[in-house]
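Q: Hey, dropping run.pdb in here, PDB, C-alpha atoms:
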ATOM      1  CA  MET A   2       0.000   0.000   0.000
ATOM      2  CA  ASP A   3       1.001   3.669  -0.344
ATOM      3  CA  ALA A   4       1.415   5.327   3.047
ATOM      4  CA  TRP A   5       2.499   8.781   4.157
ATOM      5  CA  ILE A   6       5.321   9.083   6.706
ATOM      6  CA  VAL A   7       6.997  11.954   8.540
ATOM      7  CA  GLN A   8      10.433  11.694   6.930
ATOM      8  CA  ASP A   9      12.193  14.877   8.042
ATOM      9  CA  PRO A  10      10.268  16.991  10.574
ATOM     10  CA  GLY A  11      10.335  20.667   9.688
ATOM     11  CA  PRO A  12       8.303  23.479   8.078
ATOM     12  CA  MET A  13       5.766  22.338   5.511
ATOM     13  CA  ALA A  14       7.668  24.270   2.844
ATOM     14  CA  GLY A  15      10.412  21.655   3.217
ATOM     15  CA  ARG A  16       7.958  18.819   2.526
ATOM     16  CA  PRO A  17       8.441  16.800   5.727
ATOM     17  CA  LEU A  18       5.956  14.167   4.566
ATOM     18  CA  ARG A  19       6.891  11.455   2.081
ATOM     19  CA  ARG A  20       4.697   8.888   0.368
ATOM     20  CA  VAL A  21       6.232   5.417   0.452
ATOM     21  CA  ARG A  22       5.332   1.817  -0.312
ATOM     22  CA  ARG A  23       4.667  -0.359   2.727
ATOM     23  CA  ALA A  24       3.227  -3.788   3.365
ATOM     24  CA  VAL A  25      -0.351  -3.895   4.614
ATOM     25  CA  PRO A  26       0.035  -4.388   8.387
ATOM     26  CA  GLU A  27      -1.063  -7.624  10.029
ATOM     27  CA  PRO A  28      -3.075  -7.381  13.260
ATOM     28  CA  ALA A  29      -1.478  -8.638  16.477
ATOM     29  CA  PRO A  30      -3.617 -10.939  18.642
ATOM     30  CA  HIS A  31      -5.400  -8.003  20.339
ATOM     31  CA  GLU A  32      -5.689  -5.782  17.247
ATOM     32  CA  LEU A  33      -8.090  -5.012  14.418
ATOM     33  CA  LEU A  34      -7.040  -4.366  10.828
ATOM     34  CA  VAL A  35      -9.134  -1.506   9.463
ATOM     35  CA  ARG A  36      -9.657  -0.465   5.842
ATOM     36  CA  VAL A  37      -9.566   3.326   6.051
ATOM     37  CA  GLU A  38     -12.560   5.202   4.641
ATOM     38  CA  ALA A  39     -11.557   8.649   5.896
ATOM     39  CA  CYS A  40      -8.967  10.258   8.147
ATOM     40  CA  GLY A  41      -9.237  13.713   9.641
ATOM     41  CA  VAL A  42      -6.307  16.120   9.390
ATOM     42  CA  CYS A  43      -5.555  17.415  12.879
ATOM     43  CA  ARG A  44      -3.330  20.281  13.980
ATOM     44  CA  THR A  45      -1.451  17.728  16.093
ATOM     45  CA  ASP A  46      -0.443  16.047  12.808
ATOM     46  CA  LEU A  47       0.959  19.410  11.764
ATOM     47  CA  HIS A  48       2.876  19.797  15.028
ATOM     48  CA  LEU A  49       4.400  16.352  14.475
ATOM     49  CA  ALA A  50       5.266  17.011  10.836
ATOM     50  CA  GLU A  51       6.860  20.372  11.602
ATOM     51  CA  GLY A  52       8.771  19.124  14.635
ATOM     52  CA  ASP A  53       6.914  21.083  17.345
ATOM     53  CA  LEU A  54       6.379  17.677  18.937
ATOM     54  CA  PRO A  55       9.499  15.488  18.879
ATOM     55  CA  PRO A  56       9.036  12.246  16.926
ATOM     56  CA  ARG A  57       8.650   9.130  19.023
ATOM     57  CA  ARG A  58       8.946   6.702  16.156
ATOM     58  CA  PRO A  59      11.031   7.256  13.031
ATOM     59  CA  GLN A  60       9.052   7.475   9.795
ATOM     60  CA  CYS A  61       5.706   7.173  11.554
ATOM     61  CA  THR A  62       2.473   7.411   9.554
ATOM     62  CA  PRO A  63       0.359  10.295  10.939
ATOM     63  CA  GLY A  64      -3.387  10.401  11.378
ATOM     64  CA  HIS A  65      -5.548   9.712  14.427
ATOM     65  CA  GLU A  66      -9.087  10.527  13.286
ATOM     66  CA  VAL A  67      -9.633   7.294  11.390
ATOM     67  CA  VAL A  68     -12.951   5.874  10.231
ATOM     68  CA  GLY A  69     -12.982   2.501   8.529
ATOM     69  CA  ARG A  70     -14.253  -1.052   8.304
ATOM     70  CA  ILE A  71     -12.789  -4.104  10.017
ATOM     71  CA  VAL A  72     -11.210  -6.465   7.487
ATOM     72  CA  ALA A  73      -9.246  -8.772   9.815
ATOM     73  CA  MET A  74      -9.001  -9.487  13.543
ATOM     74  CA  GLY A  75      -6.351 -10.869  15.848
ATOM     75  CA  ALA A  76      -6.917 -14.192  17.594
ATOM     76  CA  GLN A  77      -7.683 -12.610  20.972
ATOM     77  CA  VAL A  78     -10.271 -10.114  19.714
ATOM     78  CA  ALA A  79     -13.873 -10.741  20.719
ATOM     79  CA  GLY A  80     -17.101  -8.828  20.265
ATOM     80  CA  PHE A  81     -16.392  -7.354  16.833
ATOM     81  CA  ALA A  82     -17.454  -8.454  13.346
ATOM     82  CA  LEU A  83     -15.841  -8.215   9.930
ATOM     83  CA  GLY A  84     -17.257  -5.256   8.035
ATOM     84  CA  GLU A  85     -18.164  -3.366  11.207
ATOM     85  CA  ARG A  86     -17.377   0.352  11.149
ATOM     86  CA  VAL A  87     -15.036   1.607  13.851
ATOM     87  CA  GLY A  88     -13.055   4.718  14.723
ATOM     88  CA  ILE A  89      -9.384   4.910  15.672
ATOM     89  CA  ALA A  90      -8.539   7.888  17.861
ATOM     90  CA  TRP A  91      -5.477   9.592  19.385
ATOM     91  CA  LEU A  92      -5.320   7.499  22.569
ATOM     92  CA  ALA A  93      -4.032   4.102  21.437
ATOM     93  CA  TRP A  94      -2.981   2.348  24.657
ATOM     94  CA  THR A  95      -2.529   2.855  28.393
ATOM     95  CA  CYS A  96      -0.955   0.568  30.981
ATOM     96  CA  GLY A  97      -4.082   0.152  33.112
ATOM     97  CA  VAL A  98      -2.119  -0.346  36.336
ATOM     98  CA  CYS A  99      -0.477   2.983  37.202
ATOM     99  CA  GLU A 100      -2.013   5.314  39.790
ATOM    100  CA  TYR A 101      -3.502   7.529  37.080
ATOM    101  CA  CYS A 102      -5.187   4.670  35.221
ATOM    102  CA  GLU A 103      -6.514   3.192  38.454
ATOM    103  CA  ARG A 104      -8.122   6.460  39.536
ATOM    104  CA  GLY A 105      -9.807   7.026  36.164
ATOM    105  CA  ASN A 106      -7.269   9.444  34.669
ATOM    106  CA  GLU A 107      -5.896   7.213  31.920
ATOM    107  CA  ASN A 108      -5.220  10.343  29.867
ATOM    108  CA  LEU A 109      -2.361  11.057  32.304
ATOM    109  CA  CYS A 110      -0.830   7.574  32.076
ATOM    110  CA  PRO A 111       2.964   8.098  31.783
ATOM    111  CA  HIS A 112       3.231   4.971  29.625
ATOM    112  CA  SER A 113       0.439   5.898  27.197
ATOM    113  CA  ARG A 114       0.831   5.526  23.446
ATOM    114  CA  TYR A 115      -0.769   7.517  20.676
ATOM    115  CA  THR A 116      -1.947   6.841  17.142
ATOM    116  CA  GLY A 117       0.179   8.598  14.564
ATOM    117  CA  TRP A 118       2.926   9.342  17.099
ATOM    118  CA  ASP A 119       3.933   6.049  18.720
ATOM    119  CA  LEU A 120       1.961   3.859  16.311
ATOM    120  CA  ASP A 121       1.218   4.230  12.604
ATOM    121  CA  GLY A 122      -1.991   6.087  11.889
ATOM    122  CA  GLY A 123      -4.525   6.663   9.160
ATOM    123  CA  TYR A 124      -2.675   8.490   6.381
ATOM    124  CA  ALA A 125      -2.752   5.145   4.576
ATOM    125  CA  PRO A 126      -5.335   2.714   3.163
ATOM    126  CA  TYR A 127      -5.034   0.346   6.144
ATOM    127  CA  ALA A 128      -4.330   0.770   9.848
ATOM    128  CA  VAL A 129      -4.241  -1.494  12.890
ATOM    129  CA  ALA A 130      -5.488  -0.609  16.370
ATOM    130  CA  ASN A 131      -5.941  -2.206  19.764
ATOM    131  CA  ALA A 132      -9.536  -3.429  19.910
ATOM    132  CA  HIS A 133      -9.970  -2.032  23.439
ATOM    133  CA  TYR A 134      -9.300   1.516  22.217
ATOM    134  CA  VAL A 135     -11.487   1.790  19.112
ATOM    135  CA  TYR A 136     -14.984   3.245  19.019
ATOM    136  CA  ARG A 137     -17.965   1.569  17.425
ATOM    137  CA  LEU A 138     -19.464   3.959  14.878
ATOM    138  CA  PRO A 139     -22.829   4.110  13.117
ATOM    139  CA  SER A 140     -22.942   2.951   9.516
ATOM    140  CA  GLU A 141     -25.120   5.729   8.112
ATOM    141  CA  PRO A 142     -23.263   9.078   8.336
ATOM    142  CA  PRO A 143     -20.556   9.801   5.749
ATOM    143  CA  ALA A 144     -17.132   8.757   7.023
ATOM    144  CA  GLU A 145     -15.714  12.251   6.455
ATOM    145  CA  GLU A 146     -18.275  13.682   8.905
ATOM    146  CA  LEU A 147     -17.487  11.133  11.606
ATOM    147  CA  ALA A 148     -13.697  11.378  11.349
ATOM    148  CA  PRO A 149     -13.284  14.839  12.971
ATOM    149  CA  LEU A 150     -15.231  13.713  16.026
ATOM    150  CA  LEU A 151     -12.444  11.252  16.897
ATOM    151  CA  CYS A 152     -10.023  13.962  18.015
ATOM    152  CA  ALA A 153     -11.329  17.443  17.305
ATOM    153  CA  GLY A 154     -14.639  16.450  18.831
ATOM    154  CA  ILE A 155     -13.283  14.488  21.794
ATOM    155  CA  ILE A 156     -10.611  17.003  22.780
ATOM    156  CA  GLY A 157     -13.026  19.898  22.418
ATOM    157  CA  TYR A 158     -15.529  18.044  24.579
ATOM    158  CA  ARG A 159     -12.935  17.457  27.310
ATOM    159  CA  ALA A 160     -11.805  21.096  27.080
ATOM    160  CA  LEU A 161     -15.412  22.196  27.532
ATOM    161  CA  LYS A 162     -15.734  20.000  30.629
ATOM    162  CA  ARG A 163     -12.460  21.371  32.016
ATOM    163  CA  ALA A 164     -13.714  24.933  31.487
ATOM    164  CA  GLU A 165     -16.545  24.289  33.970
ATOM    165  CA  LEU A 166     -19.034  26.450  32.107
ATOM    166  CA  PRO A 167     -22.106  26.995  34.288
ATOM    167  CA  PRO A 168     -25.547  26.246  32.820
ATOM    168  CA  GLY A 169     -26.549  29.026  30.470
ATOM    169  CA  GLY A 170     -23.114  30.594  30.867
ATOM    170  CA  ARG A 171     -21.019  32.845  28.653
ATOM    171  CA  LEU A 172     -18.240  30.996  26.821
ATOM    172  CA  GLY A 173     -15.359  32.526  24.907
ATOM    173  CA  ILE A 174     -13.634  30.464  22.213
ATOM    174  CA  TYR A 175     -10.208  31.601  21.001
ATOM    175  CA  GLY A 176      -9.313  30.170  17.607
ATOM    176  CA  PHE A 177     -11.960  28.570  15.424
ATOM    177  CA  GLY A 178     -10.629  25.540  13.622
ATOM    178  CA  ALA A 179     -11.747  21.918  13.583
ATOM    179  CA  SER A 180     -12.180  21.368  17.313
ATOM    180  CA  ALA A 181     -13.573  24.806  18.096
ATOM    181  CA  HIS A 182     -16.324  24.725  15.490
ATOM    182  CA  LEU A 183     -17.610  21.430  16.918
ATOM    183  CA  THR A 184     -17.307  22.507  20.563
ATOM    184  CA  ALA A 185     -19.121  25.769  19.911
ATOM    185  CA  GLN A 186     -22.127  23.892  18.577
ATOM    186  CA  LEU A 187     -22.241  21.564  21.581
ATOM    187  CA  ALA A 188     -22.135  24.590  23.894
ATOM    188  CA  VAL A 189     -24.857  26.453  21.984
ATOM    189  CA  HIS A 190     -27.030  23.340  22.008
ATOM    190  CA  ALA A 191     -26.590  23.138  25.783
ATOM    191  CA  GLY A 192     -27.841  26.725  26.160
ATOM    192  CA  ALA A 193     -24.587  28.673  26.389
ATOM    193  CA  THR A 194     -23.922  32.088  24.900
ATOM    194  CA  VAL A 195     -20.804  31.663  22.758
ATOM    195  CA  HIS A 196     -18.426  34.452  21.737
ATOM    196  CA  VAL A 197     -15.730  33.530  19.184
ATOM    197  CA  LEU A 198     -12.406  35.391  18.974
ATOM    198  CA  THR A 199     -10.286  34.434  15.962
ATOM    199  CA  ARG A 200      -8.150  36.124  13.309
ATOM    200  CA  SER A 201      -9.806  34.573  10.227
ATOM    201  CA  ALA A 202     -12.713  36.487   8.711
ATOM    202  CA  GLU A 203     -14.008  33.263   7.135
ATOM    203  CA  ALA A 204     -13.906  31.494  10.499
ATOM    204  CA  ARG A 205     -15.736  34.388  12.153
ATOM    205  CA  GLN A 206     -18.520  34.128   9.592
ATOM    206  CA  LEU A 207     -18.716  30.360  10.089
ATOM    207  CA  ALA A 208     -18.980  30.894  13.853
ATOM    208  CA  LEU A 209     -21.947  33.221  13.382
ATOM    209  CA  ASP A 210     -23.559  30.787  10.958
ATOM    210  CA  LEU A 211     -23.224  28.030  13.583
ATOM    211  CA  GLY A 212     -24.935  30.018  16.306
ATOM    212  CA  ALA A 213     -22.276  32.108  18.020
ATOM    213  CA  ALA A 214     -23.617  35.296  19.588
ATOM    214  CA  SER A 215     -20.622  37.299  18.373
ATOM    215  CA  ALA A 216     -17.373  36.883  16.485
ATOM    216  CA  ALA A 217     -14.394  39.239  16.597
ATOM    217  CA  GLY A 218     -10.617  39.340  16.232
ATOM    218  CA  ALA A 219      -8.446  37.086  18.382
ATOM    219  CA  TYR A 220      -7.104  39.973  20.497
ATOM    220  CA  ASP A 221     -10.413  41.834  20.757
ATOM    221  CA  ALA A 222     -12.457  41.955  23.949
ATOM    222  CA  PRO A 223     -15.729  40.005  23.935
ATOM    223  CA  PRO A 224     -18.908  42.081  24.328
ATOM    224  CA  GLU A 225     -19.445  40.845  27.901
ATOM    225  CA  PRO A 226     -17.397  39.183  30.663
ATOM    226  CA  LEU A 227     -16.940  35.433  30.221
ATOM    227  CA  ASP A 228     -17.811  32.684  32.679
ATOM    228  CA  ALA A 229     -15.388  30.362  30.881
ATOM    229  CA  ALA A 230     -13.073  30.334  27.901
ATOM    230  CA  ILE A 231     -11.292  27.738  25.792
ATOM    231  CA  LEU A 232      -8.055  28.479  23.969
ATOM    232  CA  PHE A 233      -7.769  26.363  20.831
ATOM    233  CA  ALA A 234      -5.198  28.483  18.985
ATOM    234  CA  PRO A 235      -1.635  27.335  19.851
ATOM    235  CA  VAL A 236      -0.688  30.927  20.704
ATOM    236  CA  GLY A 237       0.619  31.619  24.202
ATOM    237  CA  ASP A 238       0.164  35.371  23.727
ATOM    238  CA  LEU A 239      -3.593  34.798  23.920
ATOM    239  CA  VAL A 240      -3.478  33.373  27.449
ATOM    240  CA  PRO A 241      -3.402  36.777  29.211
ATOM    241  CA  VAL A 242      -5.940  38.100  26.703
ATOM    242  CA  ALA A 243      -8.377  35.317  27.534
ATOM    243  CA  LEU A 244      -7.747  35.520  31.284
ATOM    244  CA  ALA A 245      -8.438  39.256  31.252
ATOM    245  CA  ALA A 246     -11.774  38.585  29.543
ATOM    246  CA  LEU A 247     -12.967  36.257  32.322
ATOM    247  CA  ASP A 248     -15.472  37.347  34.907
ATOM    248  CA  ARG A 249     -14.780  36.650  38.586
ATOM    249  CA  GLY A 250     -14.416  32.928  39.204
ATOM    250  CA  GLY A 251     -14.028  32.163  35.497
ATOM    251  CA  THR A 252     -11.916  29.367  34.050
ATOM    252  CA  LEU A 253      -9.649  29.286  31.003
ATOM    253  CA  SER A 254      -9.092  25.836  29.512
ATOM    254  CA  ILE A 255      -6.175  25.369  27.084
ATOM    255  CA  ALA A 256      -7.011  22.617  24.618
ATOM    256  CA  GLY A 257      -3.835  22.179  22.576
ATOM    257  CA  ILE A 258      -1.001  19.672  22.941
ATOM    258  CA  HIS A 259       1.445  22.421  21.883
ATOM    259  CA  LEU A 260       1.475  26.101  22.841
ATOM    260  CA  SER A 261       3.975  28.859  22.213
ATOM    261  CA  ASP A 262       5.437  30.544  25.299
ATOM    262  CA  ILE A 263       3.044  32.357  27.616
ATOM    263  CA  PRO A 264       4.094  35.946  28.442
ATOM    264  CA  SER A 265       4.231  37.152  32.025
ATOM    265  CA  LEU A 266       0.905  37.612  33.779
ATOM    266  CA  ASN A 267      -0.285  40.460  35.956
ATOM    267  CA  TYR A 268      -1.754  38.969  39.111
ATOM    268  CA  GLU A 269      -4.530  41.507  39.610
ATOM    269  CA  LYS A 270      -5.559  41.700  35.957
ATOM    270  CA  HIS A 271      -5.240  38.044  34.946
ATOM    271  CA  VAL A 272      -5.430  35.780  38.004
ATOM    272  CA  PHE A 273      -7.008  37.519  40.996
ATOM    273  CA  GLN A 274     -10.721  37.106  41.796
ATOM    274  CA  GLU A 275     -10.310  33.323  41.644
ATOM    275  CA  ARG A 276      -9.759  32.974  37.928
ATOM    276  CA  THR A 277      -8.507  29.492  37.018
ATOM    277  CA  LEU A 278      -6.079  28.403  34.298
ATOM    278  CA  ARG A 279      -6.239  24.732  33.280
ATOM    279  CA  SER A 280      -4.630  22.563  30.616
ATOM    280  CA  VAL A 281      -6.121  19.605  28.741
ATOM    281  CA  THR A 282      -4.050  16.463  28.250
ATOM    282  CA  ALA A 283      -5.320  13.924  25.716
ATOM    283  CA  ASN A 284      -8.589  12.256  26.731
ATOM    284  CA  THR A 285     -10.071   9.198  28.330
ATOM    285  CA  ARG A 286     -12.123   6.626  26.467
ATOM    286  CA  GLU A 287     -15.070   7.735  28.572
ATOM    287  CA  ASP A 288     -14.668  11.221  27.093
ATOM    288  CA  GLY A 289     -14.967   9.686  23.643
ATOM    289  CA  ARG A 290     -18.099   7.745  24.471
ATOM    290  CA  ASP A 291     -19.669  10.804  26.086
ATOM    291  CA  LEU A 292     -18.791  12.948  23.069
ATOM    292  CA  PHE A 293     -20.469  10.583  20.637
ATOM    293  CA  ALA A 294     -23.575  10.528  22.841
ATOM    294  CA  ALA A 295     -23.620  14.339  22.948
ATOM    295  CA  ALA A 296     -23.106  14.577  19.192
ATOM    296  CA  GLU A 297     -25.997  12.195  18.595
ATOM    297  CA  THR A 298     -28.244  14.670  20.407
ATOM    298  CA  ALA A 299     -26.751  17.960  19.224
ATOM    299  CA  ARG A 300     -26.024  16.750  15.661
ATOM    300  CA  PRO A 301     -23.364  19.396  14.965
ATOM    301  CA  ARG A 302     -22.939  20.652  11.443
ATOM    302  CA  ILE A 303     -19.445  19.706  10.308
ATOM    303  CA  ALA A 304     -17.789  21.973   7.748
ATOM    304  CA  VAL A 305     -15.590  19.561   5.769
ATOM    305  CA  THR A 306     -12.902  20.307   3.195
ATOM    306  CA  ARG A 307     -12.150  17.039   1.408
ATOM    307  CA  TYR A 308      -8.761  15.925   0.082
ATOM    308  CA  SER A 309      -7.803  12.655  -1.542
ATOM    309  CA  MET A 310      -5.382  10.483   0.424
ATOM    310  CA  ALA A 311      -2.830  11.173  -2.313
ATOM    311  CA  HIS A 312      -2.841  14.864  -1.349
ATOM    312  CA  ALA A 313      -2.293  14.574   2.403
ATOM    313  CA  ASP A 314       0.767  16.815   2.196
ATOM    314  CA  GLN A 315      -1.309  19.551   0.552
ATOM    315  CA  ALA A 316      -3.976  19.221   3.247
ATOM    316  CA  LEU A 317      -1.370  19.757   5.978
ATOM    317  CA  ALA A 318       0.174  22.664   4.068
ATOM    318  CA  ASP A 319      -3.240  24.303   3.764
ATOM    319  CA  LEU A 320      -3.846  23.798   7.476
ATOM    320  CA  ALA A 321      -0.470  25.392   8.265
ATOM    321  CA  ALA A 322      -1.351  28.395   6.111
ATOM    322  CA  ASP A 323      -4.858  28.784   7.607
ATOM    323  CA  ARG A 324      -6.478  27.952   4.287
ATOM    324  CA  VAL A 325      -8.870  25.421   5.859
ATOM    325  CA  THR A 326     -12.165  26.621   7.313
ATOM    326  CA  GLY A 327     -13.731  23.937   9.477
ATOM    327  CA  VAL A 328     -12.010  20.560   9.118
ATOM    328  CA  ALA A 329      -9.821  18.910   6.493
ATOM    329  CA  VAL A 330     -10.454  15.220   5.877
ATOM    330  CA  LEU A 331      -8.622  12.698   3.704
ATOM    331  CA  VAL A 332     -10.854  10.306   1.802
ATOM    332  CA  ASP A 333      -9.668   7.211   0.001
TER     333      ASP A 333
END
What do you get writing this file as structure tokens?
A:
Amino acid sequence: MDAWIVQDPGPMAGRPLRRVRRAVPEPAPHELLVRVEACGVCRTDLHLAEGDLPPRRPQCTPGHEVVGRIVAMGAQVAGFALGERVGIAWLAWTCGVCEYCERGNENLCPHSRYTGWDLDGGYAPYAVANAHYVYRLPSEPPAEELAPLLCAGIIGYRALKRAELPPGGRLGIYGFGASAHLTAQLAVHAGATVHVLTRSAEARQLALDLGAASAAGAYDAPPEPLDAAILFAPVGDLVPVALAALDRGGTLSIAGIHLSDIPSLNYEKHVFQERTLRSVTANTREDGRDLFAAAETARPRIAVTRYSMAHADQALADLAADRVTGVAVLVD
């Protein structure tokens, strides 16, 4: 099969991705072999390709928003059927025995492994995954609409939980890419007032179309104090901006795996009055199940830009240059 790999991490202009020939992988006893129907293009893939995140495995195949059909199963797999549709997400394995796993925080497992970072992902026609970490998916929706839920959706959902938005509260969203445009819709459906702050005029218009109460520039002040905010843009300079926009007792949740340096904070302006700053690290499988249940009710509109699998490098380049509004998805 033809598969994309991160050959030489660096700026997209240097073409860090290469397309190579590889054997179709064989599932280990606990794994499923999945024929890929679609794979979302995540900003984490971009961070890996450009070297913001150090590679964990040489020449790894990116992609961790994978939708496909089971075509083979390992000898120890039970409860799945050939032809069943499943999703492969970012969290690929945890140890199950450390203190974090035992207390329900498997997202903090120090031994955890990730699809497209430690293990080959979905920028290829076939992928394997541990059967205990895949999600069963419905057969009806188009694969390209399900794929973004597997990371953009799950991480946004966890970030929203970490933001502790009160019922009917005022939520600020900084950056409006794949994850943000899904999270905003879940918040609006739950009764929140959502204000979007982002540099892209196209993204601001999309936010309004999806139900946001206002949309302005990333460094602008929202029209009212915020009960909670989520920072999706990987821009540390926005941390004090978002903190200053919070009302008393508000919480800022940072959703990204990578963030540029945060400038110094002024205690009275940014932190006092019990403002809270929180990070988001990966997700638990429970987060994923809860997200799919919430999406079934809210039925978010997913703005998809489709690319063929043969043009994965172009999809990442467009994401790097902010030419993607909504989500980019590879279809095979």
Q: With distances taken over all atoms listed in the file, which of A:Ser140, A:Thr298, A:Gln315, A:Asn284 is nearest to Gly105 (chain A)?
A: A:Asn284
Q: Since I can't run it myself right now, could you work out what the PyMOL selection byres ((chain A and resi 12-15) around 9) selects here and report it as a PyMOL selection string?
A: chain A and resi 9-11+16-18+47+50-52+314+317-318+321
Q: So that I have them on file, write out the residues from the current selection with C-alpha atoms, as a tab-separated table (two decimals), in the coordinates of the input.
A:
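Below is the file again23.tsv, written as the result:
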chain	number	residue	atom	x	y	z
A	9	ASP	CA	12.19	14.88	8.04
A	10	PRO	CA	10.27	16.99	10.57
A	11	GLY	CA	10.34	20.67	9.69
A	16	ARG	CA	7.96	18.82	2.53
A	17	PRO	CA	8.44	16.80	5.73
A	18	LEU	CA	5.96	14.17	4.57
A	47	LEU	CA	0.96	19.41	11.76
A	50	ALA	CA	5.27	17.01	10.84
A	51	GLU	CA	6.86	20.37	11.60
A	52	GLY	CA	8.77	19.12	14.64
A	314	ASP	CA	0.77	16.82	2.20
A	317	LEU	CA	-1.37	19.76	5.98
A	318	ALA	CA	0.17	22.66	4.07
A	321	ALA	CA	-0.47	25.39	8.26
Q: Please provide the set of residues having any atom within 9 Å of region 276-280 of chain A, restricted to all atoms listed in the file, with same-chain residues fewer than 4 positions apart removed, written as a VMD selection string.
A: chain A and resid 160 163 to 164 240 244 247 to 258 271 to 272
Q: Would you kindly return, as a PyMOL selection string, each protein, DNA or RNA residue with an atom no farther than 12 Å from any atom of region 130-133 of chain A, considering only C-alpha atoms and excluding same-chain residues fewer than 4 positions away?
A: chain A and resi 26-37+65+67-71+73-82+87-95+97+114-117+119-123+137+286
Q: Given the file shown, enumerate the residues that the PyMOL selection byres ((chain A and resi 302-313) around 6) captures and present them as a tab-separated table (two decimals) with C-alpha atoms, keeping the file's coordinate frame.
A:
chain	number	residue	atom	x	y	z
A	301	PRO	CA	-23.36	19.40	14.96
A	314	ASP	CA	0.77	16.82	2.20
A	315	GLN	CA	-1.31	19.55	0.55
A	316	ALA	CA	-3.98	19.22	3.25
A	327	GLY	CA	-13.73	23.94	9.48
A	328	VAL	CA	-12.01	20.56	9.12
A	329	ALA	CA	-9.82	18.91	6.49
A	330	VAL	CA	-10.45	15.22	5.88
A	331	LEU	CA	-8.62	12.70	3.70
A	332	VAL	CA	-10.85	10.31	1.80
A	333	ASP	CA	-9.67	7.21	0.00
Q: Applied to this file, what does the PyMOL selection byres ((chain A and resi 147) around 9) return in terms of residues, put as a PyMOL selection string?
A: chain A and resi 39+41+66-68+88+138-139+142-146+148-151+303
Q: Write a file of the just-selected residues containing C-alpha atoms, as a PDB file, in the frame of the given file.
A:
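Saved result, again06.pdb, follows:
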ATOM      1  CA  ALA A  39     -11.557   8.649   5.896  1.00  0.00           C
ATOM      2  CA  GLY A  41      -9.237  13.713   9.641  1.00  0.00           C
ATOM      3  CA  GLU A  66      -9.087  10.527  13.286  1.00  0.00           C
ATOM      4  CA  VAL A  67      -9.633   7.294  11.390  1.00  0.00           C
ATOM      5  CA  VAL A  68     -12.951   5.874  10.231  1.00  0.00           C
ATOM      6  CA  GLY A  88     -13.055   4.718  14.723  1.00  0.00           C
ATOM      7  CA  LEU A 138     -19.464   3.959  14.878  1.00  0.00           C
ATOM      8  CA  PRO A 139     -22.829   4.110  13.117  1.00  0.00           C
ATOM      9  CA  PRO A 142     -23.263   9.078   8.336  1.00  0.00           C
ATOM     10  CA  PRO A 143     -20.556   9.801   5.749  1.00  0.00           C
ATOM     11  CA  ALA A 144     -17.132   8.757   7.023  1.00  0.00           C
ATOM     12  CA  GLU A 145     -15.714  12.251   6.455  1.00  0.00           C
ATOM     13  CA  GLU A 146     -18.275  13.682   8.905  1.00  0.00           C
ATOM     14  CA  ALA A 148     -13.697  11.378  11.349  1.00  0.00           C
ATOM     15  CA  PRO A 149     -13.284  14.839  12.971  1.00  0.00           C
ATOM     16  CA  LEU A 150     -15.231  13.713  16.026  1.00  0.00           C
ATOM     17  CA  LEU A 151     -12.444  11.252  16.897  1.00  0.00           C
ATOM     18  CA  ILE A 303     -19.445  19.706  10.308  1.00  0.00           C
TER      19      ILE A 303
END
Q: Name the residues in contact with region 193-200 of chain A at a cut-off of 8 Å, using only C-alpha atoms, excluding same-chain residues fewer than 5 positions from it; report them as a VMD selection string.
A: chain A and resid 168 to 177 185 188 205 208 212 to 221 223
Q: Only C-alpha atoms, please: the residues just picked out, written as a PDB file, keeping the file's coordinate frame.
A:
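Below you can see result-v4.pdb, which holds the result:
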ATOM      1  CA  PRO A 168     -25.547  26.246  32.820  1.00  0.00           C
ATOM      2  CA  GLY A 169     -26.549  29.026  30.470  1.00  0.00           C
ATOM      3  CA  GLY A 170     -23.114  30.594  30.867  1.00  0.00           C
ATOM      4  CA  ARG A 171     -21.019  32.845  28.653  1.00  0.00           C
ATOM      5  CA  LEU A 172     -18.240  30.996  26.821  1.00  0.00           C
ATOM      6  CA  GLY A 173     -15.359  32.526  24.907  1.00  0.00           C
ATOM      7  CA  ILE A 174     -13.634  30.464  22.213  1.00  0.00           C
ATOM      8  CA  TYR A 175     -10.208  31.601  21.001  1.00  0.00           C
ATOM      9  CA  GLY A 176      -9.313  30.170  17.607  1.00  0.00           C
ATOM     10  CA  PHE A 177     -11.960  28.570  15.424  1.00  0.00           C
ATOM     11  CA  ALA A 185     -19.121  25.769  19.911  1.00  0.00           C
ATOM     12  CA  ALA A 188     -22.135  24.590  23.894  1.00  0.00           C
ATOM     13  CA  ARG A 205     -15.736  34.388  12.153  1.00  0.00           C
ATOM     14  CA  ALA A 208     -18.980  30.894  13.853  1.00  0.00           C
ATOM     15  CA  GLY A 212     -24.935  30.018  16.306  1.00  0.00           C
ATOM     16  CA  ALA A 213     -22.276  32.108  18.020  1.00  0.00           C
ATOM     17  CA  ALA A 214     -23.617  35.296  19.588  1.00  0.00           C
ATOM     18  CA  SER A 215     -20.622  37.299  18.373  1.00  0.00           C
ATOM     19  CA  ALA A 216     -17.373  36.883  16.485  1.00  0.00           C
ATOM     20  CA  ALA A 217     -14.394  39.239  16.597  1.00  0.00           C
ATOM     21  CA  GLY A 218     -10.617  39.340  16.232  1.00  0.00           C
ATOM     22  CA  ALA A 219      -8.446  37.086  18.382  1.00  0.00           C
ATOM     23  CA  TYR A 220      -7.104  39.973  20.497  1.00  0.00           C
ATOM     24  CA  ASP A 221     -10.413  41.834  20.757  1.00  0.00           C
ATOM     25  CA  PRO A 223     -15.729  40.005  23.935  1.00  0.00           C
TER      26      PRO A 223
END
Q: Give the answer as one residue: which of A:Thr45, A:Gln186, A:Ser261, A:Asn267 has the shortest atom-to-atom distance to Pro241 (chain A), using all atoms listed in the file?
A: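 Of the candidates, the smallest distance to Pro241 (chain A) is held by A:Asn267.
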